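Below is the file start-v5.txt, which contains compact mmCIF, C-alpha atoms.
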# COMPACT_ATOMS: atom_id res chain seq x y z
CA THR A 286 0.00 0.00 0.00
CA ASN A 287 1.05 3.54 -0.69
CA PRO A 288 1.67 5.37 2.62
CA ARG A 289 0.29 8.57 1.09
CA GLU A 290 -3.11 7.02 0.43
CA VAL A 291 -5.80 7.69 3.00
CA ALA A 292 -8.60 5.25 3.70
CA PHE A 293 -12.11 6.64 3.25
CA GLU A 294 -12.86 5.91 6.93
CA ASP A 295 -9.94 8.16 7.96
CA LEU A 296 -11.10 11.22 5.98
CA GLN A 297 -12.06 14.25 8.05
CA ASP A 298 -12.29 17.00 5.43
CA PRO A 299 -15.90 17.31 4.19
CA TYR A 300 -14.68 18.02 0.65
CA GLY A 301 -12.47 14.96 0.71
CA ILE A 302 -15.49 12.89 1.66
CA GLU A 303 -17.80 14.55 -0.88
CA PHE A 304 -15.37 14.18 -3.79
CA TRP A 305 -14.06 10.71 -2.87
CA THR A 306 -13.94 8.32 -5.78
CA GLU A 307 -13.75 4.56 -5.55
CA TYR A 308 -12.00 4.20 -8.89
CA LYS A 309 -8.72 6.03 -9.11
CA GLY A 310 -8.07 6.21 -12.83
CA ARG A 311 -4.73 6.29 -14.55
CA ASP A 312 -4.45 10.04 -13.89
CA GLY A 313 -5.43 9.63 -10.23
CA ALA A 314 -8.50 10.96 -8.48
CA LYS A 315 -6.72 13.66 -6.53
CA VAL A 316 -6.32 15.98 -9.52
CA ALA A 317 -9.98 15.73 -10.49
CA ASN A 318 -11.05 16.18 -6.88
CA ALA A 319 -8.84 19.25 -6.44
CA GLN A 320 -10.21 20.78 -9.64
CA ALA A 321 -13.80 20.20 -8.55
CA ARG A 322 -13.09 21.60 -5.10
CA ASN A 323 -11.33 24.66 -6.53
CA ALA A 324 -14.31 25.29 -8.78
CA GLU A 325 -16.60 25.27 -5.75
CA ILE A 326 -14.32 27.60 -3.79
CA ARG A 327 -14.08 29.94 -6.81
CA GLU A 328 -17.89 30.09 -6.85
CA VAL A 329 -17.94 30.95 -3.12
CA ILE A 330 -15.33 33.67 -3.69
CA HIS A 331 -17.39 35.16 -6.54
CA GLU A 332 -20.46 35.15 -4.28
CA LEU A 333 -18.49 36.95 -1.55
CA ARG A 334 -17.36 39.56 -4.07
CA ALA A 335 -20.90 40.02 -5.40
CA GLU A 336 -22.31 40.53 -1.89
CA SER A 337 -19.71 43.16 -1.03
CA GLN A 338 -20.13 46.85 -1.80
CA GLU A 339 -16.36 47.28 -2.06
CA ARG A 340 -13.47 45.41 -3.64
CA LEU A 341 -12.26 42.56 -1.40
CA SER A 342 -8.56 41.82 -1.05
CA SER A 343 -7.32 38.24 -1.08
CA ARG A 344 -6.60 38.58 2.67
CA VAL A 345 -10.19 39.61 3.39
CA ILE A 346 -11.51 36.77 1.21
CA ALA A 347 -9.30 34.26 3.06
CA ALA A 348 -10.61 35.56 6.40
CA LYS A 349 -14.22 35.27 5.20
CA LEU A 350 -13.64 31.71 3.96
CA ASN A 351 -12.17 30.79 7.34
CA GLU A 352 -15.05 32.46 9.22
CA ALA A 353 -17.52 30.46 7.12
CA GLY A 354 -15.73 27.21 8.01
CA TYR A 355 -14.07 26.49 4.67
CA THR A 356 -10.66 24.85 4.75
CA THR A 357 -8.07 24.16 2.09
CA SER A 358 -7.80 20.72 0.51
CA THR A 359 -5.33 19.82 3.26
CA GLY A 360 -7.77 20.88 5.99
CA ARG A 361 -5.89 24.04 6.89
CA PRO A 362 -7.14 27.63 7.15
CA TRP A 363 -7.11 29.79 4.05
CA HIS A 364 -4.32 32.32 3.43
CA HIS A 365 -4.27 35.02 0.79
CA GLN A 366 -1.78 33.10 -1.39
CA GLY A 367 -4.16 30.13 -1.58
CA VAL A 368 -7.02 32.40 -2.62
CA LEU A 369 -4.87 33.85 -5.40
CA ARG A 370 -3.84 30.36 -6.57
CA VAL A 371 -7.47 29.19 -6.76
CA LEU A 372 -8.49 32.30 -8.69
CA ALA A 373 -5.58 31.91 -11.12
CA ALA A 374 -6.38 28.24 -11.87
Spell out the structure here as structure tokens.
Amino acid sequence: TNPREVAFEDLQDPYGIEFWTEYKGRDGAKVANAQARNAEIREVIHELRAESQERLSSRVIAAKLNEAGYTTSTGRPWHHQGVLRVLAA
């Protein structure tokens, strides 16, 4: 077994659970899962921007994601660099 693989029962991140795939194709499921998750986070970021009367910095967006309970794909809090990476993808 690959030590980097995580059993479904050991998952704690809600996005990891939601986007879990039984079949890990030749390209691997992690890339597809990360892309799907980033698409969802991008949508949340666009909603935050639409609700705001002023332009939001990446630091403010990261803080709002953290306040709302969103975590990165590794289960960590958001930082402005992560927000910028998701928006650039």
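Shortest separation to Ile346 in chain A among A:Ile326, A:Val368, A:Ala321, A:Ala374 occurs at residue A:Val368, atoms counted being all atoms listed in the file.
You can rank A:His364, A:Thr357, A:Gln338, A:Asp295 by their closest distance to Glu325 in chain A using all atoms listed in the file, and at the top of that list sits A:Thr357.
Relative to CA of His365 in chain A, CA of Ala348 in chain A is found at 8.5 Å.
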Point to revise | Atomic distance CA of Leu350 in chain A - CA of Ile330 in chain A, expressed in Å with one decimal | key: 8.1 Å
Revision key, fill the gap. Separating CA of Asn323 in chain A from CA of Glu294 in chain A, to the nearest tenth of an Å, is a gap of 23.1 Å
